[in-house]
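J.: I'd like to ask you about the structure that follows.
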Amino acid sequence: MSEENSTRKKSWKDNYLVQAWLILLMAALYSAVLILVQLNWGPIIKENQRQATYSQIPILVPNTDVANVVEKTLEKDGKKVVAYQCFDAQKNPTGWVLPASGQGFADVVDLLVGLDTSASKLTGLVVINQKETPGLGNLIKEESFRKQFIGTAADQDITVVKGRDGSPEKNEIRALTGATISSQSVCDIVNNTLKTWREELK
Amino acid sequence: MNDQPTALERFWRGIIPENPTYRQVLGMCPTLAVTTNVQGAITMAAATTFVLVCANIMVSLLRKIIKPHLRILVFTLTIATFVTIADYFLQAFMPEMSAQLGPYIPLIIVNCIIISRCEVCASKQSLVPAIADGFGQGLGFLLGLCSIAVVRELLGSGTLMGYTVLSENFWVNCGIMILPPGAFLTLGCLMAFFNWIGSKKQEN
Amino acid sequence: METFLSLLLLFLTAAVINNFVLINFVGICPFLGVSKKLSSAFGMGLAVTFVMTIAGFLSWTFTYYILRPDAPGTVWLFNAFGVEGVAPNLSILSYLVYIFVIAASVQFVEMYVKKFFPPLYKAFGVFLPLITTNCAILFACLEIMKRLQDPANLWGLTEAMVYSVGGGLGFTIAITIMAGIREELELNDIPKPFRGVGIALLTACILAMAFMGFSGVNAGLSKWLGL
């Protein structure tokens with residue numbers, strides 16, 4: 001009997017879609033919940049990501065009114081980057097903000113570089129993402145290191161000097177003690193980015 | 001169902017006798033990765049508890065109609081959905097914490113604690129013990145994470161919850177404690193310590 | 001040539017410099033659980049590498065064409081259903097898709113290996129079901145997703161594949177070294193509280209310190225190679 005039962009014609013109840021009705025129902029329910037989540041929280045997340053960049057712009061380019069910043073997509077040799085053209089409250093241009101990223105000591109380092117209107121001088125630098133060694137390399141995000149970049153010329157390479165003695169000359173950055181590679185990486189990232197995109201900023 | 005533990009027992013068991021970190025040795029990835037400071041540990045434990053309780057509720061409610069051979073699929077679907085919700089919540093309302101925890105929030109999906117609690121408790125017991133079990137295990141996980149995070153943050157950066165405790169005047173931060181080896185070292189020593197306490201208790 | 005070198009660098013980064021187990025803390029459960037014997041540890045490592053490669057390929061394909069914001073597939077889908085006023089973005093489904101992609105690739109690998117390579121199946125078949133809940137594979141998928149969010153420097157399929165294979169090999173390296181040490185540790189007189197997981201974690205601590213010696217190698221290498 002049992003053998004006969006097992007070889008009997010498949011009834012609709014054996015169909016795998018019917019067997020899995022609970023899963024399908026749950027999938028539908030969960031999708032509805034996730035759509036609600038996306039519709040309600042999606043815009044907030046997007047605004048947060050925008051804020052992460054925009055809150056830094058007044059630090060990078062002084063006198064900028066964030067409301068008047070224009071995003072420009074630059075293209076060169078198949079590469080793309082979004083640059084931010086900055087204006088003050090009277091809509092006079094104040095400068096540019098350029099995102100830069102590259103290999104650091106431990107992982108990828110993401111920076112924002114502020115430039116003046118003719119893109120000839122740096123007006124600021126912030127680190128938005130880094131995983132450098134705590135206590136050594138992660139000091140690149142401290143102001144004492146970053147402020148060295150203010151006023152350096154953008155059309156020539158920035159170089160790193162080691163050691164405490166002697167004050168750095170023009171376009172020289174003093175490396176952090178015990179984190180020469182991190183300091184060097186930041187300079188290289190800035191140099192490479194400027195080399196690629198400086199001419200396009202207009 | 002008489003042989004199954006009551007809600008209160010479930011809750012208590014999760015905290016000490018079946019502590020997820022030190023007794024069951026489950027969920028090791030977040031235990032090691034997000035314990036560089038106490039805030040990160042608390043957020044991680046809270047997110048895990050949320051997913052654990054929600055998944056336990058769903059599985060417990062559906063336990064009579066889930067087909068046994070499809071149950072893992074149901075568990076995974078449920079867990080992944082709640083983890084997505086938790087992740088989006090953090091991204092929307094605590095963006096800095098979300099950036100700090102990074103991929104370890106989505107990795108809650110494959111945290112063995114949750115799927116094992118669904119299997120061991122929620123798929124066999126009614127709603128109240130399942131919720132109690134979720135909170136108990138979550139609290140146990142919080143204790144596990146915090147014990148490691150307190151040691152690592154205190155020795156590694158001289159702070160607790162971001163407030164300076166060990167002043168730089170007399171304390172040199174051991175950077176190694178917030179680096180990966182520090183995580184293994186702290187967990188290994190704490191685990192030996194709790195084993196030692198456990199064996200002392202048994203002797204008495 | 002430059003592409004090849006940067007791929008090589010990516011491979012090295014995934015395999016040793018930012019080792020999955022010892023630096024990123026993923027795949028700790030099998031790292032502690034299946035590392036008592038050298039042969040089974042090596043089998044586990046190979047199984048993970050295998051599944052990670054397939055899952056990396058699938059998750060890149062899904063993410064690139066459907067799951068990332070403004071992906072071509074999603075745009076087409078939204079147009080086909082006439083959805084308007086909402087940005088085409090299905091990234092909220094990412095985690096669900098990844099976990100099922102991993103489960104499916106584990107099933108697929110299991111069936112394939114069982115049918116065509118029975119000796120291989122005997123060697124690491126038992127580990128395959130365990131891999132579904134191995135965080136290392138989901139971590140690789142998430143990393144690939146992260147690299148597909150930023151339109152400025154997208155990862156192509158090649159990068160994603162190199163990263164997954166490298167990550168899998170990194171896992172194999174770590175678990176094999178660990179098993180080698182633990183086999184020797186069996187013969188030692190270890191204080192009672194440290195026996196089992198405790199001493200394994202301390203061993204991992206020393207291994208992690210050794211692997212930290214690699215950090216910075218990628219920055220130096222990329223400079224040396226002129227990338």
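Residue numbers start at 1 in each chain; chains themselves are named A, B, ... in the order of the structure tokens; ligands are numbered from 1 in the order shown.
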Within 6 Å of stretch 155-164 of chain C, counting only C-alpha atoms, which residues show up once you throw out same-chain ones fewer than 2 positions away? Write them as a ChimeraX atom specification, please.
T.: /C:11,14,52-53,56,147,166-167
J.: Those same residues, written as a PDB file, in the first residue's frame with N, CA, C and O atoms?
T.:
```
ATOM      1  N   PHE C  11      45.403  41.522  -4.846  1.00  0.00           N
ATOM      2  CA  PHE C  11      45.437  40.130  -4.408  1.00  0.00           C
ATOM      3  C   PHE C  11      46.231  39.994  -3.109  1.00  0.00           C
ATOM      4  O   PHE C  11      45.789  39.384  -2.136  1.00  0.00           O
ATOM      5  N   ALA C  14      44.362  41.468  -0.140  1.00  0.00           N
ATOM      6  CA  ALA C  14      43.291  40.625   0.392  1.00  0.00           C
ATOM      7  C   ALA C  14      43.861  39.410   1.102  1.00  0.00           C
ATOM      8  O   ALA C  14      43.345  38.969   2.132  1.00  0.00           O
ATOM      9  N   MET C  52      33.867  31.090  -1.919  1.00  0.00           N
ATOM     10  CA  MET C  52      34.016  32.546  -1.947  1.00  0.00           C
ATOM     11  C   MET C  52      34.165  33.043  -3.374  1.00  0.00           C
ATOM     12  O   MET C  52      33.635  34.089  -3.745  1.00  0.00           O
ATOM     13  N   THR C  53      34.890  32.288  -4.205  1.00  0.00           N
ATOM     14  CA  THR C  53      35.064  32.686  -5.591  1.00  0.00           C
ATOM     15  C   THR C  53      33.716  32.755  -6.303  1.00  0.00           C
ATOM     16  O   THR C  53      33.397  33.747  -6.974  1.00  0.00           O
ATOM     17  N   GLY C  56      31.576  35.515  -4.827  1.00  0.00           N
ATOM     18  CA  GLY C  56      32.082  36.815  -5.255  1.00  0.00           C
ATOM     19  C   GLY C  56      31.614  37.141  -6.659  1.00  0.00           C
ATOM     20  O   GLY C  56      31.142  38.246  -6.928  1.00  0.00           O
ATOM     21  N   ARG C 147      32.532  48.663  -2.830  1.00  0.00           N
ATOM     22  CA  ARG C 147      33.308  49.197  -3.947  1.00  0.00           C
ATOM     23  C   ARG C 147      32.432  49.499  -5.158  1.00  0.00           C
ATOM     24  O   ARG C 147      32.916  50.056  -6.137  1.00  0.00           O
ATOM     25  N   GLY C 166      41.744  36.007  -3.448  1.00  0.00           N
ATOM     26  CA  GLY C 166      42.768  36.403  -2.483  1.00  0.00           C
ATOM     27  C   GLY C 166      42.281  36.239  -1.058  1.00  0.00           C
ATOM     28  O   GLY C 166      42.996  35.710  -0.201  1.00  0.00           O
ATOM     29  N   GLY C 167      41.056  36.684  -0.802  1.00  0.00           N
ATOM     30  CA  GLY C 167      40.499  36.555   0.538  1.00  0.00           C
ATOM     31  C   GLY C 167      40.408  35.111   0.971  1.00  0.00           C
ATOM     32  O   GLY C 167      40.764  34.760   2.102  1.00  0.00           O
TER      33      GLY C 167
END
```
J.: Any idea what's packed within 9 Å of A:Cys187, counting only C-alpha atoms, ignoring anything in its chain fewer than 6 positions away? Could you give it as a list in words?
T.: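 With the cut-off at 9 Å, the set is Asp157, Ile158, Thr159, Val160 and Ile173 of chain A.
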J.: I need the residues from that last selection saved to file as a PDB file, in the first residue's frame (with all heavy atoms), if you can.
T.:
```
ATOM      1  N   ASP A 157      54.649  69.390  -6.906  1.00  0.00           N
ATOM      2  CA  ASP A 157      54.478  68.302  -5.952  1.00  0.00           C
ATOM      3  C   ASP A 157      54.747  68.756  -4.522  1.00  0.00           C
ATOM      4  O   ASP A 157      55.652  69.558  -4.274  1.00  0.00           O
ATOM      5  CB  ASP A 157      55.443  67.154  -6.283  1.00  0.00           C
ATOM      6  CG  ASP A 157      54.839  66.226  -7.312  1.00  0.00           C
ATOM      7  OD1 ASP A 157      53.670  66.464  -7.693  1.00  0.00           O
ATOM      8  OD2 ASP A 157      55.530  65.298  -7.741  1.00  0.00           O
ATOM      9  N   ILE A 158      53.940  68.228  -3.599  1.00  0.00           N
ATOM     10  CA  ILE A 158      54.193  68.460  -2.180  1.00  0.00           C
ATOM     11  C   ILE A 158      55.118  67.338  -1.707  1.00  0.00           C
ATOM     12  O   ILE A 158      54.888  66.169  -2.038  1.00  0.00           O
ATOM     13  CB  ILE A 158      52.871  68.437  -1.397  1.00  0.00           C
ATOM     14  CG1 ILE A 158      51.937  69.524  -1.924  1.00  0.00           C
ATOM     15  CG2 ILE A 158      53.101  68.593   0.087  1.00  0.00           C
ATOM     16  CD1 ILE A 158      50.523  69.391  -1.469  1.00  0.00           C
ATOM     17  N   THR A 159      56.164  67.684  -0.989  1.00  0.00           N
ATOM     18  CA  THR A 159      57.110  66.646  -0.546  1.00  0.00           C
ATOM     19  C   THR A 159      57.110  66.549   0.974  1.00  0.00           C
ATOM     20  O   THR A 159      56.699  67.471   1.673  1.00  0.00           O
ATOM     21  CB  THR A 159      58.533  66.943  -1.037  1.00  0.00           C
ATOM     22  OG1 THR A 159      58.816  68.308  -0.744  1.00  0.00           O
ATOM     23  CG2 THR A 159      58.683  66.694  -2.511  1.00  0.00           C
ATOM     24  N   VAL A 160      57.585  65.411   1.458  1.00  0.00           N
ATOM     25  CA  VAL A 160      57.582  65.143   2.891  1.00  0.00           C
ATOM     26  C   VAL A 160      58.992  65.249   3.433  1.00  0.00           C
ATOM     27  O   VAL A 160      59.930  64.765   2.806  1.00  0.00           O
ATOM     28  CB  VAL A 160      57.043  63.725   3.159  1.00  0.00           C
ATOM     29  CG1 VAL A 160      57.087  63.397   4.636  1.00  0.00           C
ATOM     30  CG2 VAL A 160      55.642  63.598   2.640  1.00  0.00           C
ATOM     31  N   ILE A 173      56.030  69.225   3.750  1.00  0.00           N
ATOM     32  CA  ILE A 173      55.179  68.844   4.874  1.00  0.00           C
ATOM     33  C   ILE A 173      56.028  68.041   5.834  1.00  0.00           C
ATOM     34  O   ILE A 173      56.760  67.143   5.421  1.00  0.00           O
ATOM     35  CB  ILE A 173      54.003  67.960   4.383  1.00  0.00           C
ATOM     36  CG1 ILE A 173      53.160  68.679   3.346  1.00  0.00           C
ATOM     37  CG2 ILE A 173      53.154  67.479   5.549  1.00  0.00           C
ATOM     38  CD1 ILE A 173      52.450  69.884   3.856  1.00  0.00           C
TER      39      ILE A 173
END
```
J.: Any idea what's packed within 9 Å of B:Gln39, counting only C-alpha atoms, ignoring anything in its chain fewer than 4 positions away? Could you give it as a VMD selection string?
T.: chain B and resid 35 43 to 44 97 146 149 160 to 162
J.: Residues of the last selection are to be written out with C-alpha atoms, as a PDB file, in the first residue's frame.
T.:
```pdb
ATOM      1  CA  THR B  35      35.321  46.072  20.969  1.00  0.00           C
ATOM      2  CA  THR B  43      25.535  49.576  19.914  1.00  0.00           C
ATOM      3  CA  MET B  44      26.553  46.240  18.453  1.00  0.00           C
ATOM      4  CA  MET B  97      28.307  54.810  14.777  1.00  0.00           C
ATOM      5  CA  CYS B 146      31.517  45.123  27.290  1.00  0.00           C
ATOM      6  CA  ALA B 149      35.703  46.590  25.350  1.00  0.00           C
ATOM      7  CA  LEU B 160      35.979  54.823  29.068  1.00  0.00           C
ATOM      8  CA  MET B 161      32.889  55.713  27.016  1.00  0.00           C
ATOM      9  CA  GLY B 162      35.023  58.471  25.497  1.00  0.00           C
TER      10      GLY B 162
END
```
J.: Kindly provide, as a count of residues only, the residues of chain B having any atom no farther than 12 Å from an atom of chain A, counting only C-alpha atoms.
T.: 55
J.: Select, as a list in words, those residues of chain B with any atom no more than 6 Å from chain C (distances computed using only C-alpha atoms).
T.: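 Going by the stated atoms only, the list reads Cys29, Ala33, Ala80, Val110, Pro180, Pro181, Phe184, Leu185, Gly188, Met191, Ala192, Asn195 and Trp196 of chain B.
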J.: Dump C-alpha atoms for the selected residues as a CSV table (one decimal), in the first residue's frame?
T.:
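Final output, saved to part.csv:
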```csv
chain,number,residue,atom,x,y,z
B,29,CYS,CA,33.6,38.0,14.8
B,33,ALA,CA,36.1,43.4,15.8
B,80,ALA,CA,18.3,39.0,7.1
B,110,VAL,CA,25.6,35.0,9.9
B,180,PRO,CA,43.9,43.2,16.2
B,181,PRO,CA,46.3,41.3,18.4
B,184,PHE,CA,42.8,38.1,20.7
B,185,LEU,CA,44.9,38.7,23.7
B,188,GLY,CA,42.0,34.7,25.5
B,191,MET,CA,38.2,33.4,28.8
B,192,ALA,CA,40.9,31.7,30.8
B,195,ASN,CA,37.2,29.2,33.1
B,196,TRP,CA,39.3,29.5,36.3
```
J.: Apply DSSP to the backbone of this structure and, from stretch 64-152 of chain C, keep only the residues in helix (DSSP H, G or I); write these as a PyMOL selection string.
T.: chain C and resi 64-67+72-80+91-116+118-131+135-147+151-152
J.: Between atom CA of A:Val186 and atom CA of A:Tyr84, what is the distance in Å, rounded to a tenth?
T.: 20.3 Å
J.: Could you list the residues in chain A lying within 9 Å of chain C, using only C-alpha atoms, and format the result as a PDB file with C-alpha atoms, in the first residue's frame?
T.:
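The result, written out as result_6.pdb:
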```pdb
ATOM      1  CA  SER A  31       9.375  43.042   1.081  1.00  0.00           C
ATOM      2  CA  LEU A  34      11.562  46.823   3.565  1.00  0.00           C
ATOM      3  CA  ILE A  35       9.882  49.074   0.991  1.00  0.00           C
ATOM      4  CA  VAL A  37      11.852  51.316   5.491  1.00  0.00           C
ATOM      5  CA  GLN A  38      13.445  52.446   2.226  1.00  0.00           C
ATOM      6  CA  LEU A  39      10.784  55.089   1.582  1.00  0.00           C
ATOM      7  CA  LYS A  79      37.666  58.410 -14.964  1.00  0.00           C
ATOM      8  CA  LYS A  80      34.968  60.412 -13.246  1.00  0.00           C
ATOM      9  CA  VAL A  81      34.922  62.598 -10.169  1.00  0.00           C
ATOM     10  CA  VAL A  82      32.388  64.951  -8.582  1.00  0.00           C
ATOM     11  CA  GLN A 103      46.175  53.717  -0.645  1.00  0.00           C
ATOM     12  CA  GLY A 104      47.323  54.652   2.855  1.00  0.00           C
ATOM     13  CA  PHE A 105      49.425  52.604   5.264  1.00  0.00           C
ATOM     14  CA  ALA A 106      46.678  50.194   6.325  1.00  0.00           C
ATOM     15  CA  ASP A 107      43.761  50.756   3.997  1.00  0.00           C
ATOM     16  CA  ILE A 181      54.318  56.196   5.341  1.00  0.00           C
ATOM     17  CA  SER A 182      50.906  57.535   6.345  1.00  0.00           C
ATOM     18  CA  SER A 185      50.566  58.527   1.431  1.00  0.00           C
TER      19      SER A 185
END
```
J.: Got a sec: who's within 8 Å of C:Thr176, counting only C-alpha atoms, leaving out chain neighbours fewer than 3 positions off, as a list in words?
T.: Ser35, Leu38, Ala41, Phe42, Gly45, Thr172, Ile173, Ala179 and Gly180 of chain C
